[in-house]
Amino acid sequence: DIVMTQSPGSLHVTPGEAVSISCWSSESVQSPDGHIYLDWYLKKPGQAPQLLIYLASRRASGVPDRFSGSGSGTDFTLTISRVEAEDVGIYYCIQVRQTPFTLGPGTRVDIK
Amino acid sequence: QITLQESGPTLVKPTETLTLTCTFSGFSLNTGGVAVAWFRQPPGRALEWIGLIYWGDDRRLRPSLRSSLAMTSDTSKNQVVLTISNVDHMDTATYYCTHMSSTMTTGFFDYWGQGIVVTVSS
């Protein structure tokens, strides 16, 4: 199985601050033709997870442009340019390159 | 508009079989590029992928659960049924079903049910 790792485990941030969350995979989740099978999701308290980013850098429909994704191969980053209070929750990366699909342990973001 | 709704028991005894149903609308599992997947989140723990059914009835299940897990679809009813046999306390979790858009070049879970909380307890 592909093992996914995330860092940091938690963040306590001020509104307006920039945030970066890192995600690593134990093997490449990029296909030989360049497609990157890495998504980012946000799990808000009491809600179902929501898709933020797919293909490592494509924003899902309706996702604010303060969210961006980057990376390739085994190293990925989710960036929130200016955190807002509604962004609190747990952020997960997931590889969909091969089954079993595997998720990182999550990064909890709280607002000061 | 795509919607999914999980249903089933909220309390199950250890060693019993848990059966959850995902009823969906707005898409068909007869359509290429579509799958229905299940995730769960145990209390205080990370989200985990359980398995999925692709169009064409191709199923992929989490290996660690494969011996106790079954997943079936009824395309006429627009339902996917998840069955976990011989449950124990480790199966206590919120279970989510989700629509997956899956092609040769991408895969993502874009619509989710609200989730159902299942507790395994005697």
# chains A, B, ... in the order shown; residues from 1 in each chain; ligands from 1

call {"tool": "interface_residues", "arguments": {"of": "chain B", "to": "chain A", "cutoff": "12 Å", "atoms": "only C-alpha atoms", "output": "mmCIF file with N, CA, C and O atoms, in the first residue's frame"}}
result
data_model
loop_
_atom_site.group_PDB
_atom_site.id
_atom_site.type_symbol
_atom_site.label_atom_id
_atom_site.label_comp_id
_atom_site.auth_asym_id
_atom_site.auth_seq_id
_atom_site.Cartn_x
_atom_site.Cartn_y
_atom_site.Cartn_z
ATOM 1 N N LEU B 4 -26.490 11.739 -2.169
ATOM 2 C CA LEU B 4 -26.285 10.407 -1.603
ATOM 3 C C LEU B 4 -26.765 10.430 -0.157
ATOM 4 O O LEU B 4 -26.614 11.438 0.541
ATOM 5 N N GLN B 5 -27.328 9.317 0.293
ATOM 6 C CA GLN B 5 -27.846 9.220 1.651
ATOM 7 C C GLN B 5 -27.552 7.835 2.199
ATOM 8 O O GLN B 5 -27.922 6.827 1.602
ATOM 9 N N GLU B 6 -26.868 7.817 3.351
ATOM 10 C CA GLU B 6 -26.591 6.554 4.021
ATOM 11 C C GLU B 6 -27.753 6.194 4.955
ATOM 12 O O GLU B 6 -28.359 7.078 5.577
ATOM 13 N N ALA B 37 -18.091 5.038 -3.469
ATOM 14 C CA ALA B 37 -17.094 4.601 -2.494
ATOM 15 C C ALA B 37 -17.625 4.791 -1.081
ATOM 16 O O ALA B 37 -18.542 5.585 -0.842
ATOM 17 N N TRP B 38 -17.024 4.053 -0.151
ATOM 18 C CA TRP B 38 -17.323 4.201 1.270
ATOM 19 C C TRP B 38 -16.046 4.594 2.011
ATOM 20 O O TRP B 38 -14.969 4.047 1.755
ATOM 21 N N PHE B 39 -16.224 5.533 2.921
ATOM 22 C CA PHE B 39 -15.189 5.922 3.863
ATOM 23 C C PHE B 39 -15.773 5.787 5.267
ATOM 24 O O PHE B 39 -16.978 5.751 5.457
ATOM 25 N N ARG B 40 -14.883 5.771 6.246
ATOM 26 C CA ARG B 40 -15.348 5.863 7.626
ATOM 27 C C ARG B 40 -14.350 6.641 8.457
ATOM 28 O O ARG B 40 -13.162 6.739 8.105
ATOM 29 N N GLN B 41 -14.848 7.195 9.552
ATOM 30 C CA GLN B 41 -13.985 7.917 10.484
ATOM 31 C C GLN B 41 -14.314 7.456 11.893
ATOM 32 O O GLN B 41 -15.362 7.846 12.445
ATOM 33 N N PRO B 43 -14.114 7.502 15.948
ATOM 34 C CA PRO B 43 -14.028 8.671 16.831
ATOM 35 C C PRO B 43 -12.581 9.020 17.157
ATOM 36 O O PRO B 43 -11.797 8.170 17.576
ATOM 37 N N GLY B 44 -12.217 10.278 16.933
ATOM 38 C CA GLY B 44 -10.889 10.742 17.267
ATOM 39 C C GLY B 44 -9.786 10.243 16.360
ATOM 40 O O GLY B 44 -8.596 10.449 16.636
ATOM 41 N N ARG B 45 -10.149 9.584 15.273
ATOM 42 C CA ARG B 45 -9.137 9.038 14.372
ATOM 43 C C ARG B 45 -9.318 9.576 12.966
ATOM 44 O O ARG B 45 -10.273 10.304 12.666
ATOM 45 N N ALA B 46 -8.396 9.230 12.114
ATOM 46 C CA ALA B 46 -8.402 9.761 10.754
ATOM 47 C C ALA B 46 -9.446 9.077 9.880
ATOM 48 O O ALA B 46 -9.884 7.950 10.132
ATOM 49 N N LEU B 47 -9.790 9.790 8.840
ATOM 50 C CA LEU B 47 -10.681 9.253 7.817
ATOM 51 C C LEU B 47 -9.979 8.091 7.116
ATOM 52 O O LEU B 47 -8.761 8.145 6.872
ATOM 53 N N GLU B 48 -10.733 7.040 6.768
ATOM 54 C CA GLU B 48 -10.116 5.934 6.033
ATOM 55 C C GLU B 48 -11.046 5.437 4.934
ATOM 56 O O GLU B 48 -12.265 5.462 5.066
ATOM 57 N N TRP B 49 -10.437 5.012 3.859
ATOM 58 C CA TRP B 49 -11.171 4.480 2.705
ATOM 59 C C TRP B 49 -11.480 3.009 2.948
ATOM 60 O O TRP B 49 -10.615 2.257 3.392
ATOM 61 N N ILE B 50 -12.733 2.612 2.669
ATOM 62 C CA ILE B 50 -13.145 1.233 2.897
ATOM 63 C C ILE B 50 -13.173 0.442 1.594
ATOM 64 O O ILE B 50 -12.706 -0.694 1.525
ATOM 65 N N GLY B 51 -13.733 1.038 0.563
ATOM 66 C CA GLY B 51 -13.841 0.331 -0.702
ATOM 67 C C GLY B 51 -14.743 1.073 -1.665
ATOM 68 O O GLY B 51 -15.286 2.124 -1.327
ATOM 69 N N LEU B 52 -14.857 0.515 -2.863
ATOM 70 C CA LEU B 52 -15.728 1.149 -3.846
ATOM 71 C C LEU B 52 -16.225 0.141 -4.881
ATOM 72 O O LEU B 52 -15.684 -0.969 -5.001
ATOM 73 N N ILE B 53 -17.279 0.550 -5.555
ATOM 74 C CA ILE B 53 -17.782 -0.182 -6.722
ATOM 75 C C ILE B 53 -17.745 0.762 -7.910
ATOM 76 O O ILE B 53 -18.306 1.865 -7.851
ATOM 77 N N ARG B 59 -15.219 -4.166 -8.200
ATOM 78 C CA ARG B 59 -15.147 -3.764 -6.797
ATOM 79 C C ARG B 59 -13.708 -3.775 -6.309
ATOM 80 O O ARG B 59 -12.923 -4.650 -6.669
ATOM 81 N N ARG B 60 -13.378 -2.791 -5.501
ATOM 82 C CA ARG B 60 -12.077 -2.740 -4.856
ATOM 83 C C ARG B 60 -12.312 -2.530 -3.365
ATOM 84 O O ARG B 60 -12.986 -1.586 -2.981
ATOM 85 N N LEU B 61 -11.742 -3.404 -2.561
ATOM 86 C CA LEU B 61 -11.978 -3.345 -1.127
ATOM 87 C C LEU B 61 -10.667 -3.190 -0.373
ATOM 88 O O LEU B 61 -9.608 -3.650 -0.816
ATOM 89 N N ARG B 62 -10.744 -2.557 0.774
ATOM 90 C CA ARG B 62 -9.573 -2.386 1.637
ATOM 91 C C ARG B 62 -9.088 -3.766 2.061
ATOM 92 O O ARG B 62 -9.847 -4.538 2.658
ATOM 93 N N PRO B 63 -7.837 -4.096 1.757
ATOM 94 C CA PRO B 63 -7.342 -5.453 2.038
ATOM 95 C C PRO B 63 -7.506 -5.896 3.487
ATOM 96 O O PRO B 63 -7.843 -7.048 3.748
ATOM 97 N N SER B 64 -7.284 -4.991 4.417
ATOM 98 C CA SER B 64 -7.356 -5.368 5.838
ATOM 99 C C SER B 64 -8.773 -5.717 6.260
ATOM 100 O O SER B 64 -8.978 -6.322 7.311
ATOM 101 N N LEU B 65 -9.750 -5.325 5.469
ATOM 102 C CA LEU B 65 -11.143 -5.608 5.795
ATOM 103 C C LEU B 65 -11.763 -6.647 4.866
ATOM 104 O O LEU B 65 -12.910 -7.038 5.044
ATOM 105 N N ARG B 66 -10.986 -7.088 3.875
ATOM 106 C CA ARG B 66 -11.572 -7.878 2.792
ATOM 107 C C ARG B 66 -12.282 -9.129 3.294
ATOM 108 O O ARG B 66 -13.311 -9.519 2.744
ATOM 109 N N THR B 94 -18.199 6.938 11.991
ATOM 110 C CA THR B 94 -19.150 7.573 11.084
ATOM 111 C C THR B 94 -18.823 7.077 9.683
ATOM 112 O O THR B 94 -17.667 7.163 9.256
ATOM 113 N N TYR B 95 -19.814 6.544 9.008
ATOM 114 C CA TYR B 95 -19.630 5.971 7.675
ATOM 115 C C TYR B 95 -20.211 6.927 6.628
ATOM 116 O O TYR B 95 -21.323 7.434 6.784
ATOM 117 N N TYR B 96 -19.437 7.158 5.571
ATOM 118 C CA TYR B 96 -19.843 8.043 4.491
ATOM 119 C C TYR B 96 -19.826 7.280 3.164
ATOM 120 O O TYR B 96 -18.885 6.518 2.894
ATOM 121 N N CYS B 97 -20.849 7.516 2.358
ATOM 122 C CA CYS B 97 -20.750 7.056 0.967
ATOM 123 C C CYS B 97 -20.544 8.292 0.094
ATOM 124 O O CYS B 97 -20.950 9.412 0.450
ATOM 125 N N THR B 98 -19.898 8.071 -1.027
ATOM 126 C CA THR B 98 -19.500 9.198 -1.853
ATOM 127 C C THR B 98 -19.495 8.818 -3.327
ATOM 128 O O THR B 98 -19.228 7.667 -3.681
ATOM 129 N N HIS B 99 -19.793 9.773 -4.164
ATOM 130 C CA HIS B 99 -19.704 9.630 -5.616
ATOM 131 C C HIS B 99 -18.263 9.907 -6.026
ATOM 132 O O HIS B 99 -17.668 10.909 -5.604
ATOM 133 N N MET B 100 -17.724 9.007 -6.821
ATOM 134 C CA MET B 100 -16.376 9.225 -7.327
ATOM 135 C C MET B 100 -16.409 9.414 -8.841
ATOM 136 O O MET B 100 -17.036 8.634 -9.556
ATOM 137 N N SER B 101 -15.763 10.453 -9.280
ATOM 138 C CA SER B 101 -15.524 10.636 -10.708
ATOM 139 C C SER B 101 -14.168 10.008 -10.989
ATOM 140 O O SER B 101 -13.160 10.423 -10.413
ATOM 141 N N SER B 102 -14.167 8.994 -11.827
ATOM 142 C CA SER B 102 -12.950 8.222 -12.050
ATOM 143 C C SER B 102 -12.727 8.005 -13.536
ATOM 144 O O SER B 102 -13.561 7.396 -14.206
ATOM 145 N N THR B 103 -11.628 8.531 -14.015
ATOM 146 C CA THR B 103 -11.279 8.332 -15.423
ATOM 147 C C THR B 103 -9.844 7.840 -15.494
ATOM 148 O O THR B 103 -9.194 7.630 -14.472
ATOM 149 N N MET B 104 -9.322 7.721 -16.687
ATOM 150 C CA MET B 104 -7.925 7.299 -16.859
ATOM 151 C C MET B 104 -6.965 8.360 -16.330
ATOM 152 O O MET B 104 -5.817 8.071 -16.015
ATOM 153 N N THR B 105 -7.441 9.600 -16.235
ATOM 154 C CA THR B 105 -6.532 10.683 -15.883
ATOM 155 C C THR B 105 -6.801 11.328 -14.538
ATOM 156 O O THR B 105 -6.026 12.161 -14.085
ATOM 157 N N THR B 106 -7.885 10.951 -13.887
ATOM 158 C CA THR B 106 -8.179 11.602 -12.614
ATOM 159 C C THR B 106 -9.124 10.748 -11.778
ATOM 160 O O THR B 106 -9.729 9.809 -12.274
ATOM 161 N N GLY B 107 -9.226 11.105 -10.515
ATOM 162 C CA GLY B 107 -10.168 10.444 -9.628
ATOM 163 C C GLY B 107 -10.378 11.326 -8.419
ATOM 164 O O GLY B 107 -9.402 11.769 -7.793
ATOM 165 N N PHE B 108 -11.615 11.610 -8.117
ATOM 166 C CA PHE B 108 -11.897 12.425 -6.943
ATOM 167 C C PHE B 108 -13.311 12.162 -6.481
ATOM 168 O O PHE B 108 -14.163 11.695 -7.233
ATOM 169 N N PHE B 109 -13.525 12.474 -5.194
ATOM 170 C CA PHE B 109 -14.802 12.221 -4.532
ATOM 171 C C PHE B 109 -15.503 13.561 -4.366
ATOM 172 O O PHE B 109 -15.168 14.329 -3.477
ATOM 173 N N ASP B 110 -16.453 13.844 -5.241
ATOM 174 C CA ASP B 110 -16.994 15.192 -5.312
ATOM 175 C C ASP B 110 -18.345 15.385 -4.635
ATOM 176 O O ASP B 110 -18.741 16.522 -4.385
ATOM 177 N N TYR B 111 -19.053 14.313 -4.363
ATOM 178 C CA TYR B 111 -20.326 14.425 -3.649
ATOM 179 C C TYR B 111 -20.344 13.385 -2.537
ATOM 180 O O TYR B 111 -19.982 12.227 -2.757
ATOM 181 N N TRP B 112 -20.771 13.816 -1.358
ATOM 182 C CA TRP B 112 -20.756 12.965 -0.177
ATOM 183 C C TRP B 112 -22.130 12.924 0.475
ATOM 184 O O TRP B 112 -22.870 13.905 0.456
ATOM 185 N N GLY B 113 -22.451 11.769 1.073
ATOM 186 C CA GLY B 113 -23.610 11.712 1.941
ATOM 187 C C GLY B 113 -23.304 12.424 3.244
ATOM 188 O O GLY B 113 -22.157 12.793 3.519
ATOM 189 N N GLN B 114 -24.316 12.608 4.060
ATOM 190 C CA GLN B 114 -24.141 13.321 5.321
ATOM 191 C C GLN B 114 -23.447 12.470 6.370
ATOM 192 O O GLN B 114 -22.937 12.991 7.370
ATOM 193 N N GLY B 115 -23.405 11.164 6.139
ATOM 194 C CA GLY B 115 -22.758 10.265 7.081
ATOM 195 C C GLY B 115 -23.747 9.646 8.050
ATOM 196 O O GLY B 115 -24.789 10.231 8.353
ATOM 197 N N ILE B 116 -23.423 8.450 8.526
ATOM 198 C CA ILE B 116 -24.238 7.778 9.528
ATOM 199 C C ILE B 116 -23.314 7.290 10.629
ATOM 200 O O ILE B 116 -22.269 6.684 10.366
ATOM 201 N N VAL B 117 -23.680 7.596 11.855
ATOM 202 C CA VAL B 117 -22.876 7.201 13.013
ATOM 203 C C VAL B 117 -23.284 5.799 13.446
ATOM 204 O O VAL B 117 -24.453 5.548 13.739
#

call {"tool": "residues_around", "arguments": {"residues": "A:Glu17", "least_positions_apart": "5", "cutoff": "12 Å", "atoms": "only C-alpha atoms", "output": "PyMOL selection string"}}
result
chain A and resi 11-12+66+79-85+87+109-112

call {"tool": "atom_distance", "arguments": {"atom1": "atom CA of A:Met4", "atom2": "atom CA of B:Gly56"}}
result
29.0 Å

call {"tool": "atom_distance", "arguments": {"atom1": "atom CA of B:Trp55", "atom2": "atom CA of B:Gly33"}}
result
6.9 Å

call {"tool": "select_by_dssp", "arguments": {"residues": "stretch 6-112 of chain B", "states": "strand (DSSP E or B)", "output": "count of residues only"}}
result
58
